[in-house]
Every structure is written in C-alpha cells, then in structure tokens.
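Please read the structure below before turning to the comments.
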Amino acid sequence: MTAPSPDKADSRTPAVTTPPGEPMISVRGLWKIFGPNEHRIIGTPDAELSRAELREKTGCTAAVREVDFEVAPGEVFVVMGLSGSGKSTLVRCLARLVEPTAGEVFIGGDDMARASARELREIRRHRIAMVFQHFGLLPHRRVIDNVAYGLEIQGIGRERRHARAREILGLVGLEGYDAAYPEELSGGMQQRVGLARALAVDPDVLLFDEPFSALDPLIRRDMQNEVIRLHREVGKTLVFITHDLAEALKLGDRIAIMRDGAIVQTGTPEQLVGAPADGYVADFTRDIAKANVLTLRWLAREARPGEGAAGPELPGSTLVRDAVRPVLEADGPVRVVTAGELDGVVDRDAVLSVVAEADGNGNGEGR
C-alpha cells in the first residue's frame, strides 16, 4: 500500500528503508519521570526506590523505568498492564508527544531524541501515525476530509488526497460514507475513520493507545478482527497498548507486560501463558484457557526409541484445543512437525493435562 507523492517533490521525508534483520523500533534505557528535578533522579539511589517511596521523598513519579525492547518490521508488539503501569506514557515517549527523561528511541533508523522540531514534525507527518481511545475526529468536517487530513497537512492537493481517502475508506469497510459527518456514525464506525486517517499517510509505524477500550464488547471484537485483517493486508509495524490480556493475546506477535513503569516480561503469547516470569504475570494469565494459546510445538517432547516412528503427524502450530480429538484417537504419540522437521511427539496425557487445567481455571478467553 503506497501513498501518493505530494505536489511538492521536497515536502515528503524519504521512505524508511530498514536493513534486513534490523529492528523498526529500538528502545534502550528509556525513563520518564514526572516532577521537580527529574533529570537528577536517574543514576542515584533514589532511582531504585518504589514509586510510593520516590514520590514521598522527592515529589517525583517514575512513569517509565529503564525500558528496553525492539520491534521487528511488520511485527505487532503489544504493551499491556493495569491502569497506572506506564504503558500510555511509554507509547507517547516513542513519538515524543511526551519528552523522555533519559534513554534512546530509534524508529526506522531515526534518532527520536536528537530530532529537531522540524525533523520531528516530518517524522510524525510521514512515518508515524497514532490511533487513540478518543477518536479526535473533526466534527465540522465530512468523513473524507477527516481521513485526508494528514495528507492535507503534507500539502497534497484536494483531488489526490480525496482519491487516497476513498481508497482507504474502502479498505476499512466504510465505502460510501465519505460525505457523512462523524456524528452520523456509530462509535465503531468513528474508530474506523480514525484508523483510516492513520493509514492514509502510509506510515511505517502505527501506534495504538487503547483504541477500542471505550467500545461495546461486540464492536470491540469486530475492530480487533479488523486490525488483524488490515495488518495481514498492509503489513505495517504496530505497537498496541491495552489493559486487556485477551486482546493482547489475540493481536500480539509478542507482548510486554508492564508494572509500575517497568517491563516485567516480554514474550510470545505462548511464553507468557506457558512460562510466566513471576507471580504477577501468572496472576494475569491464570484465567486464560491454555488450550486456546499453547501449540503442540510447545508441548512436544523428545521421542523415546521407537516411539512415534510411524505415527500420525500434526503441524507444530496446531493449537492444543484443535489437537484433542486427533491425539486421543491415535494409537500412540503423535509426531509434531514444523517445515518438515520433527519437533518431537505429543501424547494424550500432555494434551489432557492442558485441557484439564483450562477447565479448572474457568475456560478463560484466548487467541
């Protein structure tokens, strides 16, 4: 999906070309402290204090504490945590909507901390787009002009930006609504307009800050499916903020769980559910049905001599819930294979133990 070139050849920042194997986003040692003398906290014993202790002693709040992570091109990276965990401050630091106290943020090779005001403005116009919980649509403008707003800021002519806006409206399922006003649309449709506005500028990175938390459950599920579909079609790099673990498991290639400004664990949905790093993460995942998240590759063990040599095969990516019947119907262990290579074998005891654990936890929601 490619945005039209603007009317003025020098008004668009060149597209990011991330070298193979290089991250699209790299965050190193990121801190955000709110309060007096924030820059004097880091590197002192005060930086090791708990949030409550730091606030009581210095009047400062450490919203983000020494955060490190990387996001690969085309990856969906979800940051989740409870209210006050620092996740929304973190995503705002990425785009420098909030100025970090310390640390480095690179997006597509751009050093966000060292970008001048003009450079930062161009990066936000062309390379980064944000979708917020509150749609932020312009009520006096029709849908097509809301979607085309970013292109208008870039200096693209009316005819070309409207053509692009109509293309994106079709992509998000709002074809034919270009002449409507935001107040004439449902909440879910308004959020689609917000999503279309972000996509219209063809950014390298999309930042989502709890965009669906105010929507009704059914609309929220539809919008989650829409994000999955759009990501499959356009392949952008996504950073998605949420407080809902089920949403994180559904959307994320990898998930970072935050607590008190720090990242407690980063991993795939399987890693978080199957091997929580501590009791805090275990509490988060306790009500998730593991059979809906874990795959046979996760359960596979090394085959004993002669075991499963001629048995049935299942792909390693098969969810445990989908493997119950074929594994139970097999005469022996089932071979687990990925790309022609044997991961190991899975027997009925391993599968049934995961299913029984899910039932005992109340059949929580998974991917």
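Just so we're on the same page: first chain in the structure tokens is A, next is B, and so on; residues restart at 1 for each chain, and ligands are numbered from 1 in the order they show up.
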
Please return, as a PyMOL selection string, all residues of range 52-124 of chain A that DSSP assigns to strand (DSSP E or B) on the basis of the backbone.
chain A and resi 61-71+76-80+102-107+110-111

How would the residues just chosen look if you wrote them out with C-alpha atoms as a PDB file, in the first residue's frame?
```
ATOM      1  CA  THR A  61       6.758   9.862  39.828  1.00  0.00           C
ATOM      2  CA  ALA A  62       8.660   7.353  37.693  1.00  0.00           C
ATOM      3  CA  ALA A  63       6.131   6.570  34.950  1.00  0.00           C
ATOM      4  CA  VAL A  64       8.609   4.602  32.801  1.00  0.00           C
ATOM      5  CA  ARG A  65      11.627   2.868  34.348  1.00  0.00           C
ATOM      6  CA  GLU A  66      14.629   1.760  32.270  1.00  0.00           C
ATOM      7  CA  VAL A  67      12.618   0.124  29.487  1.00  0.00           C
ATOM      8  CA  ASP A  68      14.352  -1.801  26.689  1.00  0.00           C
ATOM      9  CA  PHE A  69      12.751  -3.553  23.730  1.00  0.00           C
ATOM     10  CA  GLU A  70      12.916  -3.906  19.963  1.00  0.00           C
ATOM     11  CA  VAL A  71      10.160  -4.320  17.396  1.00  0.00           C
ATOM     12  CA  VAL A  76       2.594  -6.478  16.161  1.00  0.00           C
ATOM     13  CA  PHE A  77       4.091  -5.610  19.546  1.00  0.00           C
ATOM     14  CA  VAL A  78       1.571  -5.263  22.367  1.00  0.00           C
ATOM     15  CA  VAL A  79       2.272  -3.446  25.624  1.00  0.00           C
ATOM     16  CA  MET A  80      -0.196  -4.269  28.365  1.00  0.00           C
ATOM     17  CA  ALA A 102      16.522   9.648  29.547  1.00  0.00           C
ATOM     18  CA  GLY A 103      17.185   6.839  27.099  1.00  0.00           C
ATOM     19  CA  GLU A 104      17.151   6.263  23.359  1.00  0.00           C
ATOM     20  CA  VAL A 105      14.343   5.687  20.875  1.00  0.00           C
ATOM     21  CA  PHE A 106      15.111   4.848  17.253  1.00  0.00           C
ATOM     22  CA  ILE A 107      12.317   4.445  14.699  1.00  0.00           C
ATOM     23  CA  ASP A 110      15.738   7.944  13.111  1.00  0.00           C
ATOM     24  CA  ASP A 111      17.107   9.040  16.487  1.00  0.00           C
TER      25      ASP A 111
END
```

Can I get the residues of range 20-104 of chain A within 12 Å of range 207-231 of chain A, each with the closest pair of atoms and their distance in Å to one decimal, using only C-alpha atoms, sorted chain first then ascending number, as JSON lines?
```
{"residue": "A:Ile25", "atom": "CA", "partner": "A:Leu207", "partner_atom": "CA", "distance": 11.4}
{"residue": "A:Pro73", "atom": "CA", "partner": "A:His231", "partner_atom": "CA", "distance": 11.9}
{"residue": "A:Gly74", "atom": "CA", "partner": "A:His231", "partner_atom": "CA", "distance": 8.2}
{"residue": "A:Glu75", "atom": "CA", "partner": "A:His231", "partner_atom": "CA", "distance": 9.2}
{"residue": "A:Val76", "atom": "CA", "partner": "A:His231", "partner_atom": "CA", "distance": 8.4}
{"residue": "A:Phe77", "atom": "CA", "partner": "A:Leu207", "partner_atom": "CA", "distance": 9.8}
{"residue": "A:Val78", "atom": "CA", "partner": "A:Phe208", "partner_atom": "CA", "distance": 9.2}
{"residue": "A:Val79", "atom": "CA", "partner": "A:Asp209", "partner_atom": "CA", "distance": 9.5}
{"residue": "A:Met80", "atom": "CA", "partner": "A:Glu210", "partner_atom": "CA", "distance": 9.4}
{"residue": "A:Gly81", "atom": "CA", "partner": "A:Glu210", "partner_atom": "CA", "distance": 11.0}
{"residue": "A:Leu82", "atom": "CA", "partner": "A:Glu210", "partner_atom": "CA", "distance": 11.7}
{"residue": "A:Ser83", "atom": "CA", "partner": "A:Glu210", "partner_atom": "CA", "distance": 11.1}
{"residue": "A:Gly86", "atom": "CA", "partner": "A:Asp209", "partner_atom": "CA", "distance": 11.7}
{"residue": "A:Lys87", "atom": "CA", "partner": "A:Asp209", "partner_atom": "CA", "distance": 8.6}
{"residue": "A:Ser88", "atom": "CA", "partner": "A:Asp209", "partner_atom": "CA", "distance": 6.4}
{"residue": "A:Thr89", "atom": "CA", "partner": "A:Asp209", "partner_atom": "CA", "distance": 9.6}
{"residue": "A:Leu90", "atom": "CA", "partner": "A:Asp209", "partner_atom": "CA", "distance": 9.9}
{"residue": "A:Val91", "atom": "CA", "partner": "A:Leu207", "partner_atom": "CA", "distance": 7.1}
{"residue": "A:Arg92", "atom": "CA", "partner": "A:Asp209", "partner_atom": "CA", "distance": 8.7}
{"residue": "A:Cys93", "atom": "CA", "partner": "A:Leu207", "partner_atom": "CA", "distance": 11.1}
{"residue": "A:Leu94", "atom": "CA", "partner": "A:Leu207", "partner_atom": "CA", "distance": 8.9}
{"residue": "A:Ala95", "atom": "CA", "partner": "A:Leu207", "partner_atom": "CA", "distance": 8.7}
{"residue": "A:Leu97", "atom": "CA", "partner": "A:Leu207", "partner_atom": "CA", "distance": 11.8}
```

Selected residues, N, CA, C and O atoms, written as a CSV table (one decimal), in the first residue's frame, please.
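Output file selection.csv follows:
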```
chain,number,residue,atom,x,y,z
A,25,ILE,N,11.8,-0.5,15.4
A,25,ILE,CA,11.8,0.3,16.6
A,25,ILE,C,12.8,-0.3,17.6
A,25,ILE,O,12.9,-1.5,17.8
A,73,PRO,N,10.4,-5.1,11.8
A,73,PRO,CA,9.5,-4.6,10.8
A,73,PRO,C,8.3,-5.6,10.6
A,73,PRO,O,8.5,-6.8,10.4
A,74,GLY,N,7.1,-5.0,10.6
A,74,GLY,CA,5.9,-5.8,10.3
A,74,GLY,C,5.4,-6.6,11.5
A,74,GLY,O,4.4,-7.3,11.4
A,75,GLU,N,6.0,-6.4,12.7
A,75,GLU,CA,5.6,-7.1,13.9
A,75,GLU,C,4.5,-6.3,14.6
A,75,GLU,O,4.4,-5.1,14.5
A,76,VAL,N,3.6,-7.1,15.3
A,76,VAL,CA,2.6,-6.5,16.2
A,76,VAL,C,3.1,-6.7,17.6
A,76,VAL,O,3.1,-7.8,18.1
A,77,PHE,N,3.5,-5.6,18.2
A,77,PHE,CA,4.1,-5.6,19.5
A,77,PHE,C,3.1,-5.0,20.5
A,77,PHE,O,2.7,-3.8,20.3
A,78,VAL,N,2.6,-5.7,21.4
A,78,VAL,CA,1.6,-5.3,22.4
A,78,VAL,C,2.2,-5.0,23.7
A,78,VAL,O,3.0,-5.8,24.2
A,79,VAL,N,1.9,-3.8,24.3
A,79,VAL,CA,2.3,-3.4,25.6
A,79,VAL,C,1.0,-3.4,26.5
A,79,VAL,O,0.1,-2.7,26.2
A,80,MET,N,1.0,-4.2,27.5
A,80,MET,CA,-0.2,-4.3,28.4
A,80,MET,C,0.2,-4.1,29.8
A,80,MET,O,1.3,-4.4,30.3
A,81,GLY,N,-0.8,-3.7,30.6
A,81,GLY,CA,-0.6,-3.5,32.0
A,81,GLY,C,-1.9,-2.8,32.6
A,81,GLY,O,-2.8,-2.4,31.9
A,82,LEU,N,-1.9,-2.8,33.9
A,82,LEU,CA,-3.1,-2.2,34.6
A,82,LEU,C,-3.0,-0.7,34.5
A,82,LEU,O,-2.0,-0.1,34.0
A,83,SER,N,-4.0,0.0,34.8
A,83,SER,CA,-4.0,1.5,34.9
A,83,SER,C,-2.9,2.0,35.7
A,83,SER,O,-2.7,1.5,36.9
A,86,GLY,N,2.2,2.6,33.2
A,86,GLY,CA,3.1,3.4,32.4
A,86,GLY,C,3.0,3.1,30.9
A,86,GLY,O,3.8,3.7,30.2
A,87,LYS,N,2.1,2.3,30.5
A,87,LYS,CA,2.1,1.9,29.1
A,87,LYS,C,1.7,3.0,28.2
A,87,LYS,O,2.3,3.2,27.1
A,88,SER,N,0.7,3.9,28.6
A,88,SER,CA,0.4,5.0,27.7
A,88,SER,C,1.5,6.1,27.6
A,88,SER,O,1.7,6.7,26.6
A,89,THR,N,2.2,6.3,28.8
A,89,THR,CA,3.3,7.2,28.8
A,89,THR,C,4.4,6.7,27.9
A,89,THR,O,5.0,7.4,27.1
A,90,LEU,N,4.6,5.4,27.9
A,90,LEU,CA,5.6,4.8,27.1
A,90,LEU,C,5.4,5.0,25.6
A,90,LEU,O,6.3,5.4,24.9
A,91,VAL,N,4.1,4.8,25.1
A,91,VAL,CA,3.9,4.9,23.7
A,91,VAL,C,4.0,6.4,23.3
A,91,VAL,O,4.4,6.7,22.2
A,92,ARG,N,3.7,7.3,24.2
A,92,ARG,CA,3.8,8.7,23.9
A,92,ARG,C,5.2,9.2,23.8
A,92,ARG,O,5.6,10.1,23.1
A,93,CYS,N,6.1,8.5,24.6
A,93,CYS,CA,7.5,8.8,24.6
A,93,CYS,C,8.1,8.3,23.2
A,93,CYS,O,9.1,9.0,22.7
A,94,LEU,N,7.6,7.3,22.6
A,94,LEU,CA,8.1,6.8,21.3
A,94,LEU,C,8.0,7.9,20.3
A,94,LEU,O,8.9,8.1,19.5
A,95,ALA,N,6.9,8.6,20.3
A,95,ALA,CA,6.7,9.7,19.3
A,95,ALA,C,7.1,11.1,19.8
A,95,ALA,O,6.9,12.1,19.1
A,97,LEU,N,5.6,12.7,22.0
A,97,LEU,CA,4.5,13.5,22.5
A,97,LEU,C,4.7,13.8,24.0
A,97,LEU,O,4.1,14.8,24.5
```

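Taking CA of Asn146 in chain A as the reference point, CA of Val234 in chain A is found at 20.7 Å.
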
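CA of Glu22 in chain A to CA of Arg96 in chain A spans 21.7 Å [interatomic distance, one decimal].
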
Would you please give, as a CSV table (one decimal) with N, CA, C and O atoms, in the first residue's frame, all residues of range 26-104 of chain A that DSSP assigns to helix (DSSP H, G or I) based on the backbone?
```csv
chain,number,residue,atom,x,y,z
A,38,GLU,N,13.7,16.2,37.6
A,38,GLU,CA,13.5,14.8,37.1
A,38,GLU,C,14.8,14.2,36.6
A,38,GLU,O,15.1,13.0,36.8
A,39,HIS,N,15.7,15.0,36.0
A,39,HIS,CA,17.0,14.5,35.5
A,39,HIS,C,18.0,14.2,36.5
A,39,HIS,O,19.0,13.5,36.2
A,40,ARG,N,17.8,14.6,37.8
A,40,ARG,CA,18.7,14.3,38.8
A,40,ARG,C,18.4,13.0,39.5
A,40,ARG,O,19.2,12.6,40.4
A,45,PRO,N,20.7,6.5,44.1
A,45,PRO,CA,19.9,5.5,44.9
A,45,PRO,C,18.4,5.8,44.8
A,45,PRO,O,17.7,4.8,45.0
A,46,ASP,N,18.0,7.0,44.6
A,46,ASP,CA,16.6,7.3,44.6
A,46,ASP,C,15.9,6.6,43.4
A,46,ASP,O,14.7,6.2,43.5
A,47,ALA,N,16.6,6.3,42.4
A,47,ALA,CA,16.1,5.6,41.2
A,47,ALA,C,15.6,4.2,41.5
A,47,ALA,O,14.8,3.6,40.8
A,48,GLU,N,16.2,3.6,42.6
A,48,GLU,CA,15.8,2.3,43.0
A,48,GLU,C,14.6,2.2,43.9
A,48,GLU,O,14.2,1.1,44.3
A,51,ARG,N,7.7,3.3,43.6
A,51,ARG,CA,7.0,4.5,43.2
A,51,ARG,C,6.6,5.4,44.4
A,51,ARG,O,6.7,6.6,44.4
A,52,ALA,N,6.0,4.7,45.3
A,52,ALA,CA,5.4,5.4,46.5
A,52,ALA,C,6.6,6.1,47.3
A,52,ALA,O,6.4,7.2,47.7
A,53,GLU,N,7.7,5.4,47.5
A,53,GLU,CA,8.8,5.9,48.2
A,53,GLU,C,9.4,7.1,47.5
A,53,GLU,O,9.8,8.1,48.1
A,54,LEU,N,9.6,7.0,46.2
A,54,LEU,CA,10.1,8.1,45.4
A,54,LEU,C,9.3,9.3,45.4
A,54,LEU,O,9.8,10.4,45.6
A,55,ARG,N,8.0,9.1,45.3
A,55,ARG,CA,7.0,10.2,45.4
A,55,ARG,C,7.1,10.9,46.7
A,55,ARG,O,7.1,12.1,46.8
A,56,GLU,N,7.2,10.1,47.8
A,56,GLU,CA,7.2,10.7,49.1
A,56,GLU,C,8.5,11.4,49.4
A,56,GLU,O,8.5,12.5,50.0
A,57,LYS,N,9.6,10.9,48.9
A,57,LYS,CA,10.9,11.5,49.2
A,57,LYS,C,11.2,12.7,48.3
A,57,LYS,O,11.7,13.8,48.7
A,58,THR,N,10.8,12.6,47.0
A,58,THR,CA,11.2,13.7,46.0
A,58,THR,C,10.1,14.4,45.4
A,58,THR,O,10.3,15.5,44.7
A,87,LYS,N,2.1,2.3,30.5
A,87,LYS,CA,2.1,1.9,29.1
A,87,LYS,C,1.7,3.0,28.2
A,87,LYS,O,2.3,3.2,27.1
A,88,SER,N,0.7,3.9,28.6
A,88,SER,CA,0.4,5.0,27.7
A,88,SER,C,1.5,6.1,27.6
A,88,SER,O,1.7,6.7,26.6
A,89,THR,N,2.2,6.3,28.8
A,89,THR,CA,3.3,7.2,28.8
A,89,THR,C,4.4,6.7,27.9
A,89,THR,O,5.0,7.4,27.1
A,90,LEU,N,4.6,5.4,27.9
A,90,LEU,CA,5.6,4.8,27.1
A,90,LEU,C,5.4,5.0,25.6
A,90,LEU,O,6.3,5.4,24.9
A,91,VAL,N,4.1,4.8,25.1
A,91,VAL,CA,3.9,4.9,23.7
A,91,VAL,C,4.0,6.4,23.3
A,91,VAL,O,4.4,6.7,22.2
A,92,ARG,N,3.7,7.3,24.2
A,92,ARG,CA,3.8,8.7,23.9
A,92,ARG,C,5.2,9.2,23.8
A,92,ARG,O,5.6,10.1,23.1
A,93,CYS,N,6.1,8.5,24.6
A,93,CYS,CA,7.5,8.8,24.6
A,93,CYS,C,8.1,8.3,23.2
A,93,CYS,O,9.1,9.0,22.7
A,94,LEU,N,7.6,7.3,22.6
A,94,LEU,CA,8.1,6.8,21.3
A,94,LEU,C,8.0,7.9,20.3
A,94,LEU,O,8.9,8.1,19.5
```

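Reported to one decimal place, the separation of CA of Glu167 in chain A from CA of Gly150 in chain A is 14.7 Å.
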
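Non-sequential neighbours of Val193 in chain A (distance at most 9 Å, separation of 3 or more positions within a chain, only C-alpha atoms) are Phe135, Leu137, Val143, Ile144, Asn146, Val147, Leu169, Val172, Leu174, Pro182, Gly188, Met189, Gln190, Ala196, Arg197 and Ala198 of chain A.
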
Kindly export the residues of the current selection with N, CA, C and O atoms, as an mmCIF file, in the first residue's frame.
```cif
data_model
loop_
_atom_site.group_PDB
_atom_site.id
_atom_site.type_symbol
_atom_site.label_atom_id
_atom_site.label_comp_id
_atom_site.auth_asym_id
_atom_site.auth_seq_id
_atom_site.Cartn_x
_atom_site.Cartn_y
_atom_site.Cartn_z
ATOM 1 N N PHE A 135 -11.463 9.331 19.561
ATOM 2 C CA PHE A 135 -11.244 9.314 18.118
ATOM 3 C C PHE A 135 -10.612 10.603 17.601
ATOM 4 O O PHE A 135 -9.834 10.591 16.661
ATOM 5 N N LEU A 137 -11.892 13.051 15.948
ATOM 6 C CA LEU A 137 -12.320 13.462 14.615
ATOM 7 C C LEU A 137 -12.769 14.921 14.635
ATOM 8 O O LEU A 137 -13.217 15.433 15.654
ATOM 9 N N VAL A 143 -16.417 12.870 6.575
ATOM 10 C CA VAL A 143 -15.536 11.727 6.781
ATOM 11 C C VAL A 143 -14.336 11.774 5.845
ATOM 12 O O VAL A 143 -13.190 11.558 6.256
ATOM 13 N N ILE A 144 -14.567 12.081 4.578
ATOM 14 C CA ILE A 144 -13.466 12.057 3.615
ATOM 15 C C ILE A 144 -12.384 13.060 3.976
ATOM 16 O O ILE A 144 -11.190 12.799 3.815
ATOM 17 N N ASN A 146 -11.792 14.154 7.091
ATOM 18 C CA ASN A 146 -11.124 13.651 8.287
ATOM 19 C C ASN A 146 -10.036 12.655 7.914
ATOM 20 O O ASN A 146 -8.922 12.707 8.442
ATOM 21 N N VAL A 147 -10.363 11.735 6.996
ATOM 22 C CA VAL A 147 -9.386 10.727 6.586
ATOM 23 C C VAL A 147 -8.217 11.375 5.850
ATOM 24 O O VAL A 147 -7.063 10.975 6.016
ATOM 25 N N LEU A 169 -10.932 4.303 2.803
ATOM 26 C CA LEU A 169 -12.273 4.055 3.352
ATOM 27 C C LEU A 169 -12.798 2.704 2.881
ATOM 28 O O LEU A 169 -13.443 1.976 3.651
ATOM 29 N N VAL A 172 -11.133 -0.077 4.969
ATOM 30 C CA VAL A 172 -11.630 -0.275 6.342
ATOM 31 C C VAL A 172 -13.135 -0.519 6.394
ATOM 32 O O VAL A 172 -13.737 -0.495 7.463
ATOM 33 N N LEU A 174 -15.690 1.262 4.936
ATOM 34 C CA LEU A 174 -16.565 2.442 5.021
ATOM 35 C C LEU A 174 -16.799 3.072 3.652
ATOM 36 O O LEU A 174 -17.047 4.274 3.544
ATOM 37 N N PRO A 182 -19.014 12.893 11.267
ATOM 38 C CA PRO A 182 -18.727 11.950 12.355
ATOM 39 C C PRO A 182 -19.922 11.663 13.256
ATOM 40 O O PRO A 182 -20.119 10.511 13.682
ATOM 41 N N GLY A 188 -18.082 2.468 16.600
ATOM 42 C CA GLY A 188 -17.181 1.600 15.857
ATOM 43 C C GLY A 188 -16.812 2.175 14.504
ATOM 44 O O GLY A 188 -15.662 2.067 14.058
ATOM 45 N N MET A 189 -17.778 2.792 13.850
ATOM 46 C CA MET A 189 -17.509 3.407 12.551
ATOM 47 C C MET A 189 -16.588 4.616 12.698
ATOM 48 O O MET A 189 -15.702 4.851 11.873
ATOM 49 N N GLN A 190 -16.778 5.386 13.769
ATOM 50 C CA GLN A 190 -15.888 6.518 14.007
ATOM 51 C C GLN A 190 -14.454 6.044 14.238
ATOM 52 O O GLN A 190 -13.500 6.669 13.765
ATOM 53 N N ALA A 196 -8.572 4.761 9.435
ATOM 54 C CA ALA A 196 -8.343 5.137 8.040
ATOM 55 C C ALA A 196 -7.471 6.382 7.941
ATOM 56 O O ALA A 196 -6.591 6.474 7.070
ATOM 57 N N ARG A 197 -7.697 7.344 8.826
ATOM 58 C CA ARG A 197 -6.889 8.561 8.824
ATOM 59 C C ARG A 197 -5.416 8.235 9.075
ATOM 60 O O ARG A 197 -4.515 8.817 8.448
ATOM 61 N N ALA A 198 -5.161 7.287 9.989
ATOM 62 C CA ALA A 198 -3.785 6.891 10.273
ATOM 63 C C ALA A 198 -3.154 6.174 9.077
ATOM 64 O O ALA A 198 -1.984 6.397 8.745
#
```

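Between Pro203 in chain A and the residues A:Cys60, A:Leu328, A:Leu171, A:Met130, the shortest atom-to-atom distance, using only C-alpha atoms, involves A:Met130.
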
Wanna dump the range 225-315 of chain A-range 341-361 of chain A contacts at 7 Å for me, each residue with its shortest atom pair and the distance in Å to one decimal, counting only C-alpha atoms, ordered by chain and number, as a tab-separated table?
```
residue	atom	partner	partner_atom	distance
A:Arg286	CA	A:Asn361	CA	6.8
A:Asp287	CA	A:Asn361	CA	5.4
A:Ala289	CA	A:Ala358	CA	4.5
A:Lys290	CA	A:Ala358	CA	5.8
A:Ala291	CA	A:Val355	CA	5.7
A:Arg297	CA	A:Asp343	CA	6.4
A:Leu299	CA	A:Val346	CA	6.5
A:Ala300	CA	A:Gly344	CA	5.0
A:Arg301	CA	A:Gly344	CA	5.0
A:Glu302	CA	A:Gly344	CA	4.8
A:Ala303	CA	A:Val345	CA	5.7
A:Gly308	CA	A:Val345	CA	6.9
```

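Among the candidates A:Gly306, A:Gly21, A:Pro312, A:Gly173, the one nearest to Arg192 in chain A when counting only C-alpha atoms is A:Gly173.
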
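Neighbours of Arg158 in chain A closer than or equal to 12 Å, with only C-alpha atoms counted and sequence neighbours fewer than 6 positions away skipped, come out as Pro6, Asp7, Ile144, Asp145, Ala148, Tyr149, Gly150, Leu151, Glu152, Arg164 and Ala165 of chain A.
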